[in-house]
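Engineer: File name my_file_5.tsv; file contents TSV, C-alpha atoms; full text below.
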```tsv
chain	number	residue	atom	x	y	z
C	1	MET	CA	164.01	132.06	-6.14
C	2	ASN	CA	161.26	134.64	-6.61
C	3	LEU	CA	161.87	137.82	-4.57
C	4	LYS	CA	158.50	137.70	-2.83
C	5	VAL	CA	159.05	134.06	-1.86
C	6	ARG	CA	162.48	134.88	-0.42
C	7	LEU	CA	161.06	137.71	1.65
C	8	ALA	CA	158.12	135.54	2.73
C	9	VAL	CA	160.51	132.87	4.05
C	10	MET	CA	162.41	135.58	5.94
C	11	ASN	CA	159.21	136.76	7.60
C	12	PHE	CA	158.11	133.18	8.31
C	13	LEU	CA	161.30	132.44	10.24
C	14	GLU	CA	161.40	135.87	11.90
C	15	PHE	CA	158.06	135.42	13.62
C	16	ALA	CA	158.41	131.66	14.17
C	17	VAL	CA	161.22	132.61	16.56
C	18	TRP	CA	158.83	134.77	18.59
C	19	GLY	CA	155.80	132.50	18.40
C	20	ALA	CA	157.65	129.68	20.13
C	21	TYR	CA	157.52	131.43	23.50
C	22	LEU	CA	155.76	134.79	23.41
C	23	THR	CA	152.22	133.64	24.20
C	24	CYS	CA	153.09	130.73	26.51
C	25	MET	CA	156.09	132.01	28.47
C	26	GLY	CA	153.73	133.10	31.24
C	27	ILE	CA	152.58	129.49	31.76
C	28	TYR	CA	156.18	128.25	32.07
C	29	LEU	CA	157.14	131.03	34.46
C	30	SER	CA	154.09	130.30	36.62
C	31	ASN	CA	155.04	126.61	36.71
C	32	ILE	CA	158.50	127.36	38.13
C	33	GLY	CA	157.23	129.83	40.72
C	34	MET	CA	157.92	133.05	38.80
C	35	GLY	CA	154.33	134.09	38.15
C	36	ALA	CA	154.93	137.39	39.93
C	37	ASN	CA	157.77	138.11	37.48
C	38	ILE	CA	155.85	137.65	34.21
C	39	GLY	CA	155.57	141.40	33.83
C	40	SER	CA	159.34	141.79	34.21
C	41	PHE	CA	160.07	139.34	31.38
C	42	PHE	CA	157.69	141.12	29.02
C	43	ALA	CA	158.83	144.55	30.20
C	44	MET	CA	162.39	143.61	29.28
C	45	GLN	CA	161.29	143.19	25.67
C	46	GLY	CA	159.96	146.72	25.86
C	47	PHE	CA	162.96	148.10	27.72
C	48	VAL	CA	165.52	146.89	25.18
C	49	SER	CA	163.25	148.18	22.41
C	50	ILE	CA	163.68	151.68	23.81
C	51	PHE	CA	167.24	151.86	22.51
C	52	MET	CA	168.30	148.71	20.63
C	53	PRO	CA	166.13	149.02	17.47
C	54	ALA	CA	167.13	152.67	17.07
C	55	LEU	CA	170.83	151.91	17.56
C	56	ILE	CA	170.77	148.87	15.29
C	57	GLY	CA	168.80	150.89	12.72
C	58	ILE	CA	171.50	153.57	12.77
C	59	VAL	CA	174.19	150.94	12.19
C	60	ALA	CA	172.15	149.49	9.31
C	61	ASP	CA	171.73	152.93	7.74
C	62	ARG	CA	175.36	153.98	8.11
C	63	TRP	CA	177.75	151.03	8.27
C	64	ILE	CA	176.51	147.41	8.02
C	65	PRO	CA	173.95	146.28	5.39
C	66	ALA	CA	170.60	145.55	7.01
C	67	GLN	CA	170.46	141.92	5.88
C	68	ARG	CA	173.94	141.21	7.34
C	69	LEU	CA	173.04	142.89	10.62
C	70	LEU	CA	169.79	140.92	10.71
C	71	GLY	CA	171.77	137.68	10.58
C	72	LEU	CA	174.27	138.76	13.24
C	73	CYS	CA	171.48	139.76	15.63
C	74	HIS	CA	169.75	136.42	15.17
C	75	LEU	CA	172.96	134.50	15.77
C	76	ILE	CA	173.47	136.23	19.14
C	77	ALA	CA	169.78	136.08	20.08
C	78	GLY	CA	169.54	132.39	19.21
C	79	MET	CA	172.64	131.41	21.19
C	80	PHE	CA	171.45	133.16	24.35
C	81	MET	CA	167.88	131.84	24.04
C	82	ILE	CA	169.25	128.29	23.75
C	83	ALA	CA	171.41	129.01	26.81
C	84	ALA	CA	168.31	130.15	28.72
C	85	GLY	CA	166.44	126.97	27.77
C	86	TRP	CA	169.41	124.77	28.65
C	87	TYR	CA	169.76	126.45	32.05
C	88	GLY	CA	166.06	125.94	32.75
C	89	MET	CA	166.30	122.29	31.72
C	90	GLN	CA	169.23	121.63	34.05
C	91	ASN	CA	167.68	123.33	37.08
C	92	GLY	CA	163.92	122.70	36.86
C	93	GLN	CA	162.09	124.11	39.89
C	94	GLN	CA	165.41	125.38	41.27
C	95	THR	CA	165.84	127.75	38.33
C	96	GLU	CA	166.96	131.13	39.64
C	97	PHE	CA	165.26	134.25	38.37
C	98	SER	CA	168.48	136.27	38.07
C	99	VAL	CA	170.23	133.76	35.79
C	100	LEU	CA	167.24	132.90	33.58
C	101	PHE	CA	166.24	136.53	33.29
C	102	SER	CA	169.78	137.63	32.36
C	103	LEU	CA	170.16	135.06	29.57
C	104	TYR	CA	166.68	135.83	28.27
C	105	SER	CA	167.35	139.59	28.39
C	106	VAL	CA	170.46	139.40	26.20
C	107	SER	CA	168.54	137.27	23.69
C	108	VAL	CA	165.60	139.67	23.37
C	109	ALA	CA	167.98	142.65	23.27
C	110	PHE	CA	169.24	141.36	19.94
C	111	TYR	CA	165.94	139.89	18.73
C	112	MET	CA	163.71	142.96	19.10
C	113	PRO	CA	165.71	145.10	16.59
C	114	THR	CA	165.23	142.40	13.96
C	115	LEU	CA	161.50	143.19	13.78
C	116	ALA	CA	162.38	146.56	12.27
C	117	LEU	CA	165.31	145.19	10.26
C	118	THR	CA	163.14	142.66	8.43
C	119	ASN	CA	160.83	145.51	7.43
C	120	SER	CA	163.80	147.52	6.15
C	121	VAL	CA	165.14	144.56	4.16
C	122	ALA	CA	161.73	143.89	2.61
C	123	TYR	CA	160.93	147.52	1.82
C	124	ASN	CA	164.34	148.08	0.26
C	125	ALA	CA	164.11	144.96	-1.92
C	126	LEU	CA	160.56	145.72	-3.07
C	127	THR	CA	161.39	149.34	-3.85
C	128	LYS	CA	164.49	148.36	-5.87
C	129	ALA	CA	162.32	145.90	-7.81
C	130	GLY	CA	159.85	148.69	-8.64
C	131	MET	CA	157.03	147.27	-6.53
C	132	ASP	CA	154.44	149.06	-4.39
C	133	THR	CA	155.25	148.44	-0.72
C	134	VAL	CA	151.70	149.24	0.45
C	135	LYS	CA	150.27	146.69	-1.97
C	136	ASP	CA	153.01	144.04	-2.07
C	137	PHE	CA	154.33	143.96	1.50
C	138	PRO	CA	151.22	142.81	3.44
C	139	PRO	CA	150.88	139.47	1.56
C	140	ILE	CA	154.56	138.83	2.31
C	141	ARG	CA	154.12	139.76	5.97
C	142	VAL	CA	151.26	137.22	6.22
C	143	PHE	CA	153.86	134.46	6.21
C	144	GLY	CA	155.37	135.92	9.36
C	145	THR	CA	152.09	135.32	11.14
C	146	ILE	CA	151.88	131.81	9.68
C	147	GLY	CA	155.32	131.09	11.14
C	148	PHE	CA	154.19	132.50	14.49
C	149	ILE	CA	151.10	130.26	14.48
C	150	LEU	CA	153.07	127.16	13.50
C	151	THR	CA	155.49	127.36	16.42
C	152	MET	CA	152.60	128.22	18.77
C	153	TRP	CA	150.84	125.02	17.76
C	154	ILE	CA	154.01	122.97	17.98
C	155	VAL	CA	154.75	124.03	21.56
C	156	ASP	CA	151.13	123.44	22.62
C	157	PHE	CA	150.61	120.03	21.03
C	158	ILE	CA	153.89	118.63	22.39
C	159	ASP	CA	153.51	120.39	25.77
C	160	PHE	CA	156.48	122.74	25.37
C	161	GLU	CA	154.25	125.54	26.70
C	162	GLN	CA	154.69	124.07	30.18
C	163	ASN	CA	158.50	124.09	30.21
C	164	GLN	CA	161.76	125.61	29.00
C	165	ASN	CA	161.76	123.71	25.69
C	166	GLN	CA	159.91	126.64	24.13
C	167	PHE	CA	163.15	128.65	24.54
C	168	LEU	CA	165.21	125.89	22.90
C	169	LEU	CA	162.88	125.78	19.90
C	170	SER	CA	162.95	129.56	19.55
C	171	GLY	CA	166.74	129.67	19.66
C	172	ALA	CA	167.06	126.90	17.07
C	173	VAL	CA	164.80	128.75	14.60
C	174	SER	CA	166.81	131.92	15.19
C	175	ILE	CA	170.01	130.12	14.15
C	176	VAL	CA	168.27	128.87	10.99
C	177	LEU	CA	167.32	132.46	10.11
C	178	PHE	CA	170.93	133.57	10.69
C	179	LEU	CA	172.00	131.09	8.01
C	180	TYR	CA	169.16	132.12	5.70
C	181	THR	CA	170.13	135.81	5.75
C	182	PHE	CA	173.11	134.99	3.51
C	183	THR	CA	170.59	134.45	0.68
C	184	LEU	CA	168.78	137.79	1.10
C	185	PRO	CA	169.09	140.78	-1.28
C	186	GLU	CA	171.84	143.30	-0.51
C	187	CYS	CA	170.75	146.49	1.25
C	188	PRO	CA	172.63	149.77	0.71
C	189	VAL	CA	174.26	151.84	3.43
C	190	GLN	CA	174.30	155.63	3.34
C	191	ARG	CA	177.94	156.34	4.17
C	192	GLY	CA	178.14	159.53	2.13
C	193	THR	CA	181.08	161.90	1.94
C	194	GLY	CA	182.15	165.23	3.29
C	195	HIS	CA	181.86	166.86	6.71
C	196	LYS	CA	178.93	165.76	8.87
C	197	SER	CA	177.63	166.87	12.21
C	198	LEU	CA	177.56	164.42	15.13
C	199	VAL	CA	173.82	163.95	14.63
C	200	GLU	CA	174.36	163.07	10.96
C	201	THR	CA	177.30	160.78	11.71
C	202	LEU	CA	175.29	158.79	14.25
C	203	GLY	CA	172.22	158.72	12.02
C	204	LEU	CA	170.02	160.46	14.58
C	205	GLN	CA	168.17	162.55	11.99
C	206	ALA	CA	165.10	160.35	12.46
C	207	PHE	CA	164.49	162.03	15.82
C	208	ALA	CA	164.02	165.29	13.93
C	209	LEU	CA	160.67	163.85	12.81
C	210	PHE	CA	159.33	165.00	16.19
C	211	LYS	CA	159.60	168.57	14.86
C	212	GLN	CA	156.70	167.80	12.53
C	213	LYS	CA	153.44	168.07	14.45
C	214	LYS	CA	151.82	165.27	12.46
C	215	MET	CA	154.70	162.88	13.12
C	216	ALA	CA	155.10	163.89	16.76
C	217	ILE	CA	151.44	163.12	17.48
C	218	PHE	CA	151.70	159.89	15.50
C	219	PHE	CA	154.70	158.68	17.51
C	220	ILE	CA	153.23	159.73	20.87
C	221	PHE	CA	150.00	157.85	20.24
C	222	SER	CA	152.00	154.93	18.88
C	223	MET	CA	153.57	154.76	22.32
C	224	LEU	CA	150.19	155.00	24.06
C	225	LEU	CA	148.76	152.27	21.88
C	226	GLY	CA	151.94	150.25	22.29
C	227	VAL	CA	151.00	149.93	25.98
C	228	SER	CA	148.41	147.36	24.88
C	229	LEU	CA	150.76	145.21	22.79
C	230	GLN	CA	152.17	142.79	25.37
C	231	ILE	CA	149.31	142.70	27.87
C	232	THR	CA	147.46	139.75	26.38
C	233	ASN	CA	150.72	138.06	25.31
C	234	GLY	CA	151.73	138.04	28.96
C	235	TYR	CA	148.43	137.28	30.66
C	236	ALA	CA	145.87	135.81	28.24
C	237	THR	CA	147.13	132.21	28.34
C	238	PRO	CA	147.72	132.18	32.14
C	239	PHE	CA	144.19	133.64	32.45
C	240	ILE	CA	142.69	130.89	30.28
C	241	ASP	CA	144.84	128.28	32.03
C	242	HIS	CA	143.47	129.27	35.46
C	243	PHE	CA	140.05	127.87	34.49
C	244	LYS	CA	141.49	124.34	34.85
C	245	GLU	CA	140.96	124.72	38.60
C	246	MET	CA	137.20	124.95	38.00
C	247	PRO	CA	135.56	121.51	37.51
C	248	GLU	CA	133.00	122.82	35.01
C	249	TYR	CA	135.76	124.03	32.67
C	250	ALA	CA	138.59	121.55	33.36
C	251	ASP	CA	137.85	119.34	30.34
C	252	SER	CA	137.12	122.13	27.85
C	253	PHE	CA	139.26	122.44	24.72
C	254	GLY	CA	140.41	125.95	25.64
C	255	VAL	CA	141.75	124.84	29.02
C	256	LYS	CA	143.48	121.78	27.55
C	257	TYR	CA	145.00	123.77	24.67
C	258	PRO	CA	145.10	127.45	25.73
C	259	VAL	CA	147.83	128.32	23.22
C	260	VAL	CA	145.86	126.81	20.32
C	261	LEU	CA	142.79	128.79	21.39
C	262	TYR	CA	144.93	131.90	21.59
C	263	SER	CA	146.31	131.21	18.12
C	264	ILE	CA	142.95	132.21	16.65
C	265	SER	CA	144.33	135.71	17.24
C	266	GLN	CA	147.15	135.06	14.81
C	267	ILE	CA	144.87	133.33	12.30
C	268	SER	CA	142.75	136.48	12.33
C	269	GLU	CA	145.93	138.47	11.89
C	270	THR	CA	146.74	136.67	8.62
C	271	CYS	CA	143.38	137.72	7.21
C	272	CYS	CA	143.55	141.29	8.46
C	273	ILE	CA	147.01	141.90	6.99
C	274	LEU	CA	145.53	141.38	3.54
C	275	LEU	CA	142.94	144.10	4.23
C	276	ILE	CA	145.55	146.75	5.00
C	277	PRO	CA	146.22	147.96	1.41
C	278	PHE	CA	142.50	148.60	0.89
C	279	PHE	CA	141.98	150.38	4.21
C	280	MET	CA	145.18	152.44	4.00
C	281	LYS	CA	144.44	153.71	0.50
C	282	ARG	CA	140.72	154.28	1.12
C	283	TYR	CA	140.68	155.61	4.69
C	284	GLY	CA	144.25	156.66	5.55
C	285	ILE	CA	146.39	156.31	8.65
C	286	LYS	CA	144.11	158.16	11.09
C	287	GLN	CA	141.03	156.04	10.48
C	288	VAL	CA	143.06	152.83	10.39
C	289	MET	CA	144.70	153.60	13.76
C	290	LEU	CA	141.33	154.53	15.24
C	291	ILE	CA	139.94	151.19	14.16
C	292	ALA	CA	142.92	149.51	15.87
C	293	MET	CA	142.38	151.43	19.11
C	294	PHE	CA	138.72	150.51	19.40
C	295	ALA	CA	139.57	146.92	18.46
C	296	TRP	CA	141.87	146.80	21.49
C	297	THR	CA	138.94	147.96	23.62
C	298	MET	CA	136.90	144.99	22.39
C	299	ARG	CA	139.86	142.62	22.68
C	300	PHE	CA	140.17	143.21	26.43
C	301	GLY	CA	136.44	143.53	27.03
C	302	PHE	CA	135.53	140.20	25.43
C	303	LEU	CA	138.24	138.41	27.42
C	304	GLY	CA	136.84	139.77	30.67
C	305	LEU	CA	133.29	138.72	29.83
C	306	GLY	CA	134.10	135.25	28.44
C	307	ASN	CA	134.97	131.78	29.75
C	308	PRO	CA	135.99	128.44	28.17
C	309	GLY	CA	132.46	126.98	28.36
C	310	MET	CA	129.42	127.60	26.17
C	311	PRO	CA	128.39	130.27	25.35
C	312	GLY	CA	131.26	132.13	27.08
C	313	VAL	CA	133.86	130.65	24.76
C	314	LEU	CA	132.24	132.56	21.89
C	315	LEU	CA	133.35	135.80	23.56
C	316	PHE	CA	136.86	134.40	23.81
C	317	ILE	CA	136.76	133.63	20.09
C	318	LEU	CA	135.49	137.15	19.31
C	319	SER	CA	138.36	138.56	21.36
C	320	MET	CA	140.81	136.51	19.32
C	321	ILE	CA	139.23	137.61	16.04
C	322	VAL	CA	139.37	141.35	16.78
C	323	TYR	CA	143.03	140.99	17.77
C	324	GLY	CA	143.93	140.72	14.09
C	325	VAL	CA	142.48	144.18	13.53
C	326	ALA	CA	143.95	145.58	16.75
C	327	PHE	CA	147.49	144.41	15.99
C	328	ASP	CA	147.78	144.70	12.20
C	329	PHE	CA	145.91	147.96	11.71
C	330	PHE	CA	148.35	149.50	14.17
C	331	ASN	CA	151.71	147.75	13.72
C	332	ILE	CA	151.78	147.03	9.99
C	333	SER	CA	149.99	150.21	8.93
C	334	GLY	CA	152.16	152.29	11.21
C	335	SER	CA	155.30	150.78	9.73
C	336	LEU	CA	154.06	151.48	6.19
C	337	PHE	CA	153.20	155.05	7.19
C	338	VAL	CA	156.76	155.59	8.47
C	339	GLU	CA	158.16	154.08	5.27
C	340	LYS	CA	156.11	156.41	3.07
C	341	THR	CA	156.74	159.62	5.04
C	342	THR	CA	160.51	159.50	5.64
C	343	ASN	CA	163.54	160.04	3.43
C	344	PRO	CA	165.40	156.94	2.13
C	345	ASP	CA	168.61	157.73	4.02
C	346	ILE	CA	166.92	157.53	7.45
C	347	ARG	CA	164.27	154.87	6.88
C	348	SER	CA	165.97	152.14	8.93
C	349	SER	CA	166.48	154.67	11.72
C	350	ALA	CA	162.86	155.80	11.45
C	351	GLN	CA	161.64	152.20	11.63
C	352	GLY	CA	163.80	151.80	14.73
C	353	LEU	CA	162.23	154.94	16.19
C	354	PHE	CA	158.74	153.53	15.56
C	355	MET	CA	159.83	150.35	17.34
C	356	LEU	CA	161.21	152.43	20.21
C	357	MET	CA	157.88	154.17	20.76
C	358	THR	CA	155.69	151.05	20.39
C	359	ASN	CA	157.58	147.93	21.44
C	360	GLY	CA	159.95	150.03	23.55
C	361	LEU	CA	158.41	152.73	25.71
C	362	GLY	CA	154.82	151.63	25.13
C	363	ALA	CA	155.33	147.92	25.77
C	364	THR	CA	157.55	148.56	28.80
C	365	ILE	CA	154.97	150.81	30.41
C	366	GLY	CA	152.21	148.38	29.46
C	367	SER	CA	153.97	145.28	30.85
C	368	LEU	CA	154.87	146.91	34.16
C	369	THR	CA	151.45	148.51	34.51
C	370	ALA	CA	149.74	145.21	33.67
C	371	GLN	CA	151.79	143.45	36.35
C	372	PHE	CA	150.75	146.15	38.85
C	373	VAL	CA	147.08	145.83	37.88
C	374	VAL	CA	147.17	142.03	38.15
C	375	ASN	CA	149.05	142.08	41.46
C	376	SER	CA	146.64	144.70	42.83
C	377	ASN	CA	143.73	142.41	42.00
C	378	THR	CA	145.32	139.25	43.39
C	379	ALA	CA	143.91	137.98	46.69
C	380	ALA	CA	145.91	136.38	49.50
C	381	ASP	CA	144.98	132.91	48.25
C	382	GLY	CA	146.43	133.68	44.82
C	383	SER	CA	143.12	134.13	43.00
C	384	VAL	CA	142.89	137.04	40.56
C	385	ALA	CA	139.84	139.26	39.92
C	386	TRP	CA	140.31	138.87	36.18
C	387	ASN	CA	137.07	140.67	35.23
C	388	THR	CA	138.34	143.84	36.89
C	389	VAL	CA	141.77	143.44	35.29
C	390	TRP	CA	140.42	143.17	31.73
C	391	ALA	CA	137.88	145.96	32.29
C	392	THR	CA	140.73	148.27	33.34
C	393	PHE	CA	142.68	147.56	30.16
C	394	SER	CA	139.57	147.95	28.00
C	395	ILE	CA	138.72	151.37	29.44
C	396	TYR	CA	142.31	152.52	28.88
C	397	ALA	CA	142.21	151.62	25.17
C	398	LEU	CA	138.86	153.39	24.79
C	399	VAL	CA	140.20	156.62	26.35
C	400	VAL	CA	143.28	156.55	24.09
C	401	GLY	CA	141.09	156.07	21.01
C	402	ILE	CA	138.77	158.95	21.84
C	403	THR	CA	141.70	161.28	22.60
C	404	PHE	CA	143.46	160.34	19.35
C	405	ALA	CA	140.31	161.09	17.35
C	406	LEU	CA	140.18	164.59	18.87
C	407	VAL	CA	143.91	165.43	18.72
C	408	PHE	CA	145.26	163.94	15.48
C	409	ARG	CA	144.00	166.19	12.67
C	410	PRO	CA	146.20	165.79	9.59
C	411	LYS	CA	145.57	167.80	6.45
C	412	LYS	CA	143.24	166.18	3.94
C	413	GLU	CA	146.05	165.40	1.52
C	414	GLU	CA	148.02	163.68	4.31
C	415	ILE	CA	145.23	161.30	5.31
C	416	GLN	CA	145.36	158.93	2.34
C	417	MET	CA	148.54	157.13	1.33
```
Mind converting the file's structure to structure tokens?
Structural biologist:
Amino acid sequence: MNLKVRLAVMNFLEFAVWGAYLTCMGIYLSNIGMGANIGSFFAMQGFVSIFMPALIGIVADRWIPAQRLLGLCHLIAGMFMIAAGWYGMQNGQQTEFSVLFSLYSVSVAFYMPTLALTNSVAYNALTKAGMDTVKDFPPIRVFGTIGFILTMWIVDFIDFEQNQNQFLLSGAVSIVLFLYTFTLPECPVQRGTGHKSLVETLGLQAFALFKQKKMAIFFIFSMLLGVSLQITNGYATPFIDHFKEMPEYADSFGVKYPVVLYSISQISETCCILLIPFFMKRYGIKQVMLIAMFAWTMRFGFLGLGNPGMPGVLLFILSMIVYGVAFDFFNISGSLFVEKTTNPDIRSSAQGLFMLMTNGLGATIGSLTAQFVVNSNTAADGSVAWNTVWATFSIYALVVGITFALVFRPKKEEIQM
């Protein structure tokens, strides 16, 4: 099988696992009386990303080939996600937070590192084949988004977004990817010889990147921008779903199929991924990240101003469209930047560090802060002042963007890649 096709299938399955529950988990949790805990579930993804991707990246660099470790992580993640879904199925409205949350937490602890591992596997294979990662990786990564969209649509059209079956589907796809990893190209490990310091033995050299001013600022702002990553994943579909209580919106397409409406975000993402090589080579990492930051400002702002009716739904659609820019121009470009600016022997560790700052610290802070903002704007009757909530997030992204523009000043030769 063609190398690009093999890597495309890997990405397709990788993100199909996530798409099955990421954007609709909030609806299910609300249905079983855990609406106040949505932030905790999304924060756990961030919390485990603080240390798991870095640790797994170290293991991939030093001891176990990345493609083998990718499979092992998916086996464990899939088994625990299926266990979470099975527990929810058996207990219904009596599902206990502590049990469901524990099973879910173990699953995401082993899933989140695979986001960085799939990048490492792809970059290594493309480099060994003499290909240009900046040019050839984005079209491969597009299939990850297609996989994400497909499982989103499946769960919405067969009503899995309302129940625990979304977890069962996610776990099943994870097991399929475990089996598929046995067909992936071999990745090298950097065991080396001779005496090594503790830092070298554990593969912690990636943290030395903070000694470089350019990289330190990049990682810090990656964390600040990472705050935005899980906010709409956690609250956009419950926000759209709440319009069903309003007679004028109850029969609108967006209210009936909130996950399908939300999937416009991922459709936009597939298009924007293909723009990355052009923007990275022409404008460089600073301009690309600035575009992402201001896109997040519009993402939140349009949600707050829109509604499922006409013409308000057009603002919802605009919010979904700019998400592709907000997510890809930050996540994919940032990953490529790390790949191009680090030594081969620490690249898996460096990708893990990027994940730590974005999906780890950033997403944890963002999820918990989002829960606080939503709870602070929730009235005694359970209604939420959503306009205020989205305006708060939008202003935050704007402030981060302006600050980044003033602080991050790389040399001219470092801007383009």
Engineer: Which residues, written as JSON, numbers by chain, have at least one atom at most 9 Å from C:Tyr235, with all atoms listed in the file counted and residues fewer than 5 positions away on the same chain left out?
Structural biologist: {"C": [23, 26, 27, 38, 39, 230, 240, 370, 374]}
Engineer: With a cut-off of 6 Å, could you pull out the residues of stretch 293-348 of chain C touching stretch 384-391 of chain C and give me the nearest pair of atoms for each, distance in Å to one decimal, using only C-alpha atoms, ordered by chain and ascending number, as JSON lines?
Structural biologist:
```
{"residue": "C:Phe300", "atom": "CA", "partner": "C:Trp390", "partner_atom": "CA", "distance": 5.3}
{"residue": "C:Gly301", "atom": "CA", "partner": "C:Ala391", "partner_atom": "CA", "distance": 6.0}
{"residue": "C:Gly304", "atom": "CA", "partner": "C:Asn387", "partner_atom": "CA", "distance": 4.7}
```
Engineer: Atom CA of C:Ser174 and atom CA of C:Val259, how far apart in Å?
Structural biologist: 20.9 Å
Engineer: Applying 12 Å and all atoms listed in the file, which residues near stretch 148-159 of chain C remain after dropping the ones on its own chain fewer than 4 positions away? List them as a PyMOL selection string.
Structural biologist: chain C and resi 11-25+27-28+141-144+163-173+233+237+254-270
Engineer: Would you export the selected residues with C-alpha atoms as a PDB file, in the coordinates of the input, please?
Structural biologist:
```
ATOM      1  CA  ASN C  11     159.210 136.760   7.600  1.00  0.00           C
ATOM      2  CA  PHE C  12     158.110 133.180   8.310  1.00  0.00           C
ATOM      3  CA  LEU C  13     161.300 132.440  10.240  1.00  0.00           C
ATOM      4  CA  GLU C  14     161.400 135.870  11.900  1.00  0.00           C
ATOM      5  CA  PHE C  15     158.060 135.420  13.620  1.00  0.00           C
ATOM      6  CA  ALA C  16     158.410 131.660  14.170  1.00  0.00           C
ATOM      7  CA  VAL C  17     161.220 132.610  16.560  1.00  0.00           C
ATOM      8  CA  TRP C  18     158.830 134.770  18.590  1.00  0.00           C
ATOM      9  CA  GLY C  19     155.800 132.500  18.400  1.00  0.00           C
ATOM     10  CA  ALA C  20     157.650 129.680  20.130  1.00  0.00           C
ATOM     11  CA  TYR C  21     157.520 131.430  23.500  1.00  0.00           C
ATOM     12  CA  LEU C  22     155.760 134.790  23.410  1.00  0.00           C
ATOM     13  CA  THR C  23     152.220 133.640  24.200  1.00  0.00           C
ATOM     14  CA  CYS C  24     153.090 130.730  26.510  1.00  0.00           C
ATOM     15  CA  MET C  25     156.090 132.010  28.470  1.00  0.00           C
ATOM     16  CA  ILE C  27     152.580 129.490  31.760  1.00  0.00           C
ATOM     17  CA  TYR C  28     156.180 128.250  32.070  1.00  0.00           C
ATOM     18  CA  ARG C 141     154.120 139.760   5.970  1.00  0.00           C
ATOM     19  CA  VAL C 142     151.260 137.220   6.220  1.00  0.00           C
ATOM     20  CA  PHE C 143     153.860 134.460   6.210  1.00  0.00           C
ATOM     21  CA  GLY C 144     155.370 135.920   9.360  1.00  0.00           C
ATOM     22  CA  ASN C 163     158.500 124.090  30.210  1.00  0.00           C
ATOM     23  CA  GLN C 164     161.760 125.610  29.000  1.00  0.00           C
ATOM     24  CA  ASN C 165     161.760 123.710  25.690  1.00  0.00           C
ATOM     25  CA  GLN C 166     159.910 126.640  24.130  1.00  0.00           C
ATOM     26  CA  PHE C 167     163.150 128.650  24.540  1.00  0.00           C
ATOM     27  CA  LEU C 168     165.210 125.890  22.900  1.00  0.00           C
ATOM     28  CA  LEU C 169     162.880 125.780  19.900  1.00  0.00           C
ATOM     29  CA  SER C 170     162.950 129.560  19.550  1.00  0.00           C
ATOM     30  CA  GLY C 171     166.740 129.670  19.660  1.00  0.00           C
ATOM     31  CA  ALA C 172     167.060 126.900  17.070  1.00  0.00           C
ATOM     32  CA  VAL C 173     164.800 128.750  14.600  1.00  0.00           C
ATOM     33  CA  ASN C 233     150.720 138.060  25.310  1.00  0.00           C
ATOM     34  CA  THR C 237     147.130 132.210  28.340  1.00  0.00           C
ATOM     35  CA  GLY C 254     140.410 125.950  25.640  1.00  0.00           C
ATOM     36  CA  VAL C 255     141.750 124.840  29.020  1.00  0.00           C
ATOM     37  CA  LYS C 256     143.480 121.780  27.550  1.00  0.00           C
ATOM     38  CA  TYR C 257     145.000 123.770  24.670  1.00  0.00           C
ATOM     39  CA  PRO C 258     145.100 127.450  25.730  1.00  0.00           C
ATOM     40  CA  VAL C 259     147.830 128.320  23.220  1.00  0.00           C
ATOM     41  CA  VAL C 260     145.860 126.810  20.320  1.00  0.00           C
ATOM     42  CA  LEU C 261     142.790 128.790  21.390  1.00  0.00           C
ATOM     43  CA  TYR C 262     144.930 131.900  21.590  1.00  0.00           C
ATOM     44  CA  SER C 263     146.310 131.210  18.120  1.00  0.00           C
ATOM     45  CA  ILE C 264     142.950 132.210  16.650  1.00  0.00           C
ATOM     46  CA  SER C 265     144.330 135.710  17.240  1.00  0.00           C
ATOM     47  CA  GLN C 266     147.150 135.060  14.810  1.00  0.00           C
ATOM     48  CA  ILE C 267     144.870 133.330  12.300  1.00  0.00           C
ATOM     49  CA  SER C 268     142.750 136.480  12.330  1.00  0.00           C
ATOM     50  CA  GLU C 269     145.930 138.470  11.890  1.00  0.00           C
ATOM     51  CA  THR C 270     146.740 136.670   8.620  1.00  0.00           C
TER      52      THR C 270
END
```
Engineer: Give me, please, the distance in Å between atom CA of C:Tyr180 and atom CA of C:Gly71, quoted to one decimal.
Structural biologist: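 Computing it gives 7.8 Å between the two atoms.
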Engineer: For stretch 92-107 of chain C, work out the shell of residues within 6 Å, counting all atoms listed in the file and skipping chain neighbours fewer than 4 positions away, then give it as number ranges by chain.
Structural biologist: C: 32, 77, 80-81, 84, 88
